[in-house]
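Participant: What follows is the file target00.txt, containing compact mmCIF, C-alpha atoms and all ligand atoms:
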# COMPACT_ATOMS: atom_id res chain seq x y z
CA MET E 1 12.12 0.94 10.16
CA ASN E 2 10.88 4.36 9.17
CA ALA E 3 9.34 5.78 12.35
CA ASP E 4 6.84 7.75 10.25
CA TYR E 5 4.68 4.69 9.86
CA LEU E 6 4.34 4.27 13.59
CA GLN E 7 3.58 7.98 13.91
CA GLN E 8 0.78 7.60 11.36
CA LEU E 9 -0.69 4.81 13.46
CA LYS E 10 -0.47 6.86 16.64
CA LYS E 11 -2.18 9.76 14.92
CA GLY E 12 -5.18 7.55 14.28
CA ARG E 13 -5.12 6.44 17.92
CA PHE E 14 -4.25 2.91 16.95
CA LYS E 15 -2.06 0.93 19.30
CA ILE E 16 1.30 -0.20 18.01
CA THR E 17 0.93 -3.90 18.71
CA PRO E 18 3.74 -6.38 18.06
CA LYS E 19 1.74 -7.77 15.16
CA ARG E 20 1.19 -4.38 13.51
CA ARG E 21 4.87 -3.64 13.91
CA ALA E 22 5.77 -7.01 12.38
CA ILE E 23 3.53 -6.38 9.36
CA LEU E 24 5.07 -2.96 8.72
CA GLU E 25 8.59 -4.32 9.16
CA LEU E 26 7.86 -6.98 6.59
CA PHE E 27 6.73 -4.36 4.07
CA ASP E 28 9.84 -2.34 4.84
CA GLN E 29 12.14 -5.32 4.25
CA LYS E 30 10.50 -6.58 1.08
CA ASP E 31 10.04 -3.16 -0.54
CA LYS E 32 7.28 -4.43 -2.83
CA CYS E 33 3.57 -5.15 -2.75
CA LEU E 34 2.44 -8.16 -0.74
CA SER E 35 -0.72 -10.23 -0.55
CA PRO E 36 -2.41 -10.81 2.83
CA GLU E 37 -1.72 -14.51 2.37
CA ALA E 38 2.01 -13.93 1.94
CA ILE E 39 2.06 -11.72 5.02
CA TRP E 40 0.26 -14.30 7.09
CA ASP E 41 2.75 -16.90 5.89
CA HIS E 42 5.55 -14.88 7.49
CA LEU E 43 3.62 -14.08 10.65
CA LYS E 44 1.99 -17.33 11.55
CA LYS E 45 5.00 -18.83 13.30
CA THR E 46 5.10 -15.93 15.75
CA PHE E 47 1.40 -15.06 15.97
CA LYS E 48 -0.17 -18.49 15.83
CA ARG E 49 -3.48 -17.54 17.34
CA SER E 50 -4.40 -14.51 15.29
CA GLY E 51 -5.17 -15.77 11.77
CA LEU E 52 -5.59 -14.35 8.29
CA PRO E 53 -8.77 -12.30 9.04
CA SER E 54 -6.84 -10.22 11.57
CA VAL E 55 -4.14 -9.59 8.95
CA TYR E 56 -6.88 -8.31 6.60
CA ARG E 57 -8.29 -6.06 9.32
CA ASN E 58 -4.91 -4.56 10.11
CA LEU E 59 -4.10 -3.98 6.43
CA GLU E 60 -7.32 -2.02 6.02
CA ILE E 61 -6.46 0.06 9.09
CA PHE E 62 -3.08 0.84 7.52
CA VAL E 63 -4.81 1.89 4.28
CA LYS E 64 -7.12 4.23 6.20
CA GLN E 65 -4.13 5.78 7.94
CA GLY E 66 -2.36 6.37 4.62
CA ILE E 67 0.44 3.95 5.44
CA LEU E 68 -0.44 1.35 2.81
CA VAL E 69 -2.16 1.49 -0.57
CA ARG E 70 -4.17 -1.20 -2.30
CA VAL E 71 -2.57 -2.46 -5.48
CA ASP E 72 -4.23 -4.27 -8.39
CA ARG E 73 -2.30 -7.04 -10.06
CA GLU E 74 -3.25 -9.79 -12.44
CA GLY E 75 -5.59 -12.33 -10.93
CA ARG E 76 -8.13 -11.67 -8.25
CA LYS E 77 -5.81 -11.51 -5.27
CA ARG E 78 -5.57 -8.29 -3.37
CA TYR E 79 -2.17 -6.69 -2.76
CA TYR E 80 -0.92 -3.92 -0.53
CA ALA E 81 2.18 -1.73 -0.62
CA LEU E 82 3.80 0.98 1.49
CA CYS E 83 2.99 4.56 0.54
CA HIS E 84 6.08 6.69 1.06
CA ASP E 85 4.31 10.03 0.84
CA HIS E 86 2.91 11.00 4.23
CA SER E 87 1.96 14.53 3.32
CA GLY E 88 -1.65 13.54 2.67
CA HIS E 89 -1.47 15.07 -0.82
CA HIS E 90 -3.41 13.50 -3.65
CA HIS E 91 -1.08 11.29 -5.67
CA HIS E 92 -0.90 8.07 -7.66
CA HIS E 93 1.22 4.95 -7.59
CA ILE E 94 3.25 3.12 -10.18
CA VAL E 95 3.62 -0.66 -9.90
CA CYS E 96 6.24 -2.88 -11.50
CA VAL E 97 4.28 -5.74 -13.06
CA ASP E 98 7.33 -7.96 -12.73
CA CYS E 99 8.66 -7.64 -9.16
CA GLY E 100 5.76 -5.75 -7.56
CA LYS E 101 7.81 -2.72 -6.48
CA VAL E 102 5.58 0.32 -5.87
CA ASP E 103 6.50 3.99 -6.00
CA ASP E 104 4.72 7.34 -5.63
CA LEU E 105 4.20 9.56 -8.65
CA PRO E 106 5.35 13.10 -7.89
CA GLU E 107 2.49 14.74 -9.76
CA CYS E 108 -1.03 13.87 -10.81
CA PRO E 109 -0.85 13.43 -14.60
CA LEU E 110 -4.58 13.95 -15.15
CA PRO E 111 -5.76 17.25 -16.57
CA ASP E 112 -8.52 19.25 -14.94
CA LEU E 113 -11.67 17.14 -15.19
CA LYS E 114 -14.24 19.87 -14.70
CA GLY E 115 -15.49 19.70 -18.28
CA ILE E 116 -17.18 16.30 -18.06
CA LYS E 117 -20.87 16.62 -18.93
CA GLY E 118 -23.55 15.16 -16.70
CA PHE E 119 -21.28 14.66 -13.71
CA LYS E 120 -19.81 16.63 -10.90
CA ILE E 121 -16.36 15.13 -10.35
CA LEU E 122 -15.62 14.23 -6.73
CA ASN E 123 -12.32 12.39 -6.95
CA HIS E 124 -10.43 9.85 -9.00
CA SER E 125 -8.02 7.01 -8.54
CA MET E 126 -5.75 5.15 -10.88
CA GLN E 127 -2.74 2.93 -10.88
CA ILE E 128 0.07 3.09 -13.42
CA ASN E 129 1.64 -0.23 -14.37
CA GLY E 130 5.20 -0.47 -15.65
CA ILE E 131 8.52 -2.27 -15.38
CA CYS E 132 11.12 -0.92 -12.97
CA ASN E 133 14.72 -0.23 -14.04
CA GLU E 134 16.05 -3.24 -12.19
CA CYS E 135 13.64 -5.62 -13.89
CA SER E 136 14.10 -4.15 -17.35
CA SER E 137 17.91 -4.51 -17.14
CA LYS E 138 17.67 -8.20 -16.22
ZN ZN H 1 1.85 6.97 -2.04
ZN ZN H 2 10.55 -4.57 -11.01
ZN ZN H 3 -4.79 12.34 -9.70
What does this structure look like when you write it as structure tokens?
Ligand SMILES: [Zn+2]
Ligand SMILES: [Zn+2]
Ligand SMILES: [Zn+2]

Facilitator:
Amino acid sequence: MNADYLQQLKKGRFKITPKRRAILELFDQKDKCLSPEAIWDHLKKTFKRSGLPSVYRNLEIFVKQGILVRVDREGRKRYYALCHDHSGHHHHHIVCVDCGKVDDLPECPLPDLKGIKGFKILNHSMQINGICNECSSK
């Protein structure tokens, strides 16, 4: 597994517990966005006593540390995916609506937003949806 992820955790003074390591390894293997329920499905054999709420808590810690990003998909379920850019630079993500693969966009495609009347712009977020090459050649 990419050691960067563990470094990011250490930076935030979070312990690298076996469960946190298992969650990150799962994301690394699957290389796509995952729901907390799906993650718990994989973990529950090994970590019987922890439960889904602790998976949620850890996922939010990973988001705060810039390791994971939240992903919107159809339906109300929440999804998470690995962010491969650890530079801390502002960037956006593209999601394959078919397989759930997530990638970083190299540049922010939005123009300068200073001209919006009645607001001072603080930040913005958006997700680009698409179909990855693998899925479109199926
Ligand atoms: Zn990213
Ligand atoms: Zn795809
Ligand atoms: Zn942007």

Participant: What residues of the protein or nucleic acid chains come within 12 Å of ligand ZN 3 (chain H) when you use all atoms listed in the file? Reply as an NGL selection string.

Facilitator: :E and (89-93 or 104-113 or 121-128)

Participant: Ranking E:Lys32, E:Arg21, E:Lys44, E:Arg57 by minimum distance to ligand ZN 2 (chain H) and counting all atoms listed in the file, which one comes first?

Facilitator: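 So, comparing all the options, the nearest one is E:Lys32.
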
Participant: Set the cut-off to 12 Å, count only C-alpha atoms and all ligand atoms, and list whatever residues fall near ligand ZN 2 (chain H) as a PyMOL selection string.

Facilitator: chain E and resi 31-33+94-103+129-138

Participant: What lies within 10 Å of Phe47 (chain E) using only C-alpha atoms, ignoring chain neighbours under 5 positions off, as a PyMOL selection string?

Facilitator: chain E and resi 18-19+22+40+42

Participant: Which one is closest to Val69 (chain E): E:Glu25, E:Asp41, E:Asp85, E:Asp4? Count all atoms listed in the file.

Facilitator: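 Ranking E:Glu25, E:Asp41, E:Asp85, E:Asp4 by distance to Val69 (chain E), first place goes to E:Asp85.
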
Participant: Under the rule that all atoms listed in the file are counted, which of E:Leu52, E:Cys83, E:Ile116, E:Leu43 is the nearest residue to Ile67 (chain E)?

Facilitator: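 Closest to Ile67 (chain E), using all atoms listed in the file: E:Cys83.
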
Participant: Considering only C-alpha atoms and all ligand atoms, can you say which of E:Gly66, E:Gly118, E:Gly75, E:Gly12 comes closest to ligand ZN 1 (chain H)?

Facilitator: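 Nearest to ligand ZN 1 (chain H): E:Gly66.
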
Participant: Choose the residue, out of E:Val71, E:Ile39, E:Ala3, E:Leu82, that has the smallest atom-to-atom separation from ligand ZN 1 (chain H); count only C-alpha atoms and all ligand atoms.

Facilitator: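 Nearest candidate to ligand ZN 1 (chain H) out of E:Val71, E:Ile39, E:Ala3, E:Leu82: E:Leu82.
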
Participant: With distances taken over only C-alpha atoms and all ligand atoms, which of E:Phe14, E:Arg73, E:Tyr79, E:Val63 is nearest to ligand ZN 1 (chain H)?

Facilitator: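 Ranked by minimum distance to ligand ZN 1 (chain H), first place goes to E:Val63.
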
Participant: Quick one: distance from atom ZN of ligand ZN 1 (chain H) to CA of Tyr80 (chain E) in Å, one decimal?

Facilitator: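 Here the two named atoms are 11.3 Å from each other.
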
Participant: For CA of Tyr5 (chain E) and CA of Arg20 (chain E), determine how far apart the two atoms are, in Å to one decimal place.

Facilitator: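 Atom-to-atom, CA of Tyr5 (chain E) and CA of Arg20 (chain E) are spaced 10.4 Å apart.
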
Participant: CA of Leu34 (chain E) to CA of Ala81 (chain E): how many Å, to one decimal?

Facilitator: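 One can read the CA of Leu34 (chain E) to CA of Ala81 (chain E) distance as 6.4 Å.
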
Participant: Please, what is the axis-aligned box for every listed atom of region 15-29 of chain E with 6 Å on each side, as centre and edge lengths in Å to one decimal, as AutoDock Vina command-line options?

Facilitator:
--center_x 5.0 --center_y -3.4 --center_z 11.7 --size_x 26.2 --size_y 20.7 --size_z 27.2

Participant: Extract region 2-69 of chain E from the coordinates I pasted, and write it as a CSV table (one decimal), in the first residue's frame (atoms kept: C-alpha atoms).

Facilitator:
chain,number,residue,atom,x,y,z
E,2,ASN,CA,1.1,3.6,-0.7
E,3,ALA,CA,2.9,4.6,2.5
E,4,ASP,CA,1.7,8.2,1.9
E,5,TYR,CA,-1.7,7.4,3.4
E,6,LEU,CA,-0.2,6.3,6.6
E,7,GLN,CA,2.1,9.4,6.7
E,8,GLN,CA,-1.0,11.6,6.3
E,9,LEU,CA,-2.5,9.8,9.3
E,10,LYS,CA,0.6,10.3,11.4
E,11,LYS,CA,0.7,14.0,10.5
E,12,GLY,CA,-2.7,14.4,12.1
E,13,ARG,CA,-1.5,12.5,15.1
E,14,PHE,CA,-3.9,9.7,14.5
E,15,LYS,CA,-2.8,6.2,15.4
E,16,ILE,CA,-2.4,3.7,12.7
E,17,THR,CA,-4.7,1.0,14.1
E,18,PRO,CA,-5.1,-2.4,12.4
E,19,LYS,CA,-8.7,-1.3,11.5
E,20,ARG,CA,-7.6,1.9,9.9
E,21,ARG,CA,-4.9,0.1,8.0
E,22,ALA,CA,-7.5,-2.5,6.8
E,23,ILE,CA,-9.8,0.2,5.6
E,24,LEU,CA,-7.1,1.9,3.6
E,25,GLU,CA,-5.9,-1.4,2.2
E,26,LEU,CA,-9.4,-2.1,1.0
E,27,PHE,CA,-9.6,1.2,-0.8
E,28,ASP,CA,-6.2,0.5,-2.4
E,29,GLN,CA,-7.3,-2.9,-3.6
E,30,LYS,CA,-10.6,-1.9,-5.0
E,31,ASP,CA,-9.5,1.3,-6.6
E,32,LYS,CA,-13.0,2.8,-6.7
E,33,CYS,CA,-15.4,4.5,-4.3
E,34,LEU,CA,-16.9,2.5,-1.6
E,35,SER,CA,-19.9,2.9,0.8
E,36,PRO,CA,-19.4,2.5,4.5
E,37,GLU,CA,-21.7,-0.5,4.4
E,38,ALA,CA,-19.6,-2.2,1.8
E,39,ILE,CA,-16.4,-1.5,3.9
E,40,TRP,CA,-18.0,-2.9,7.0
E,41,ASP,CA,-19.0,-6.0,5.1
E,42,HIS,CA,-15.4,-6.7,4.4
E,43,LEU,CA,-14.2,-5.8,7.9
E,44,LYS,CA,-16.7,-7.5,10.1
E,45,LYS,CA,-15.2,-10.9,10.1
E,46,THR,CA,-11.9,-9.5,11.5
E,47,PHE,CA,-13.2,-6.7,13.6
E,48,LYS,CA,-16.4,-8.2,15.0
E,49,ARG,CA,-16.7,-5.9,17.9
E,50,SER,CA,-16.3,-2.5,16.3
E,51,GLY,CA,-19.4,-1.9,14.2
E,52,LEU,CA,-20.5,0.4,11.4
E,53,PRO,CA,-20.5,3.6,13.4
E,54,SER,CA,-16.8,3.2,14.0
E,55,VAL,CA,-16.3,2.8,10.2
E,56,TYR,CA,-18.1,6.1,9.7
E,57,ARG,CA,-16.0,7.8,12.3
E,58,ASN,CA,-12.8,6.6,10.7
E,59,LEU,CA,-13.9,7.5,7.2
E,60,GLU,CA,-14.5,11.1,8.4
E,61,ILE,CA,-11.1,11.2,10.0
E,62,PHE,CA,-9.6,10.1,6.6
E,63,VAL,CA,-11.5,12.9,4.8
E,64,LYS,CA,-10.2,15.5,7.3
E,65,GLN,CA,-6.7,14.3,6.7
E,66,GLY,CA,-7.1,14.5,2.9
E,67,ILE,CA,-6.7,10.8,2.4
E,68,LEU,CA,-10.3,10.2,1.3
E,69,VAL,CA,-12.9,12.3,-0.5
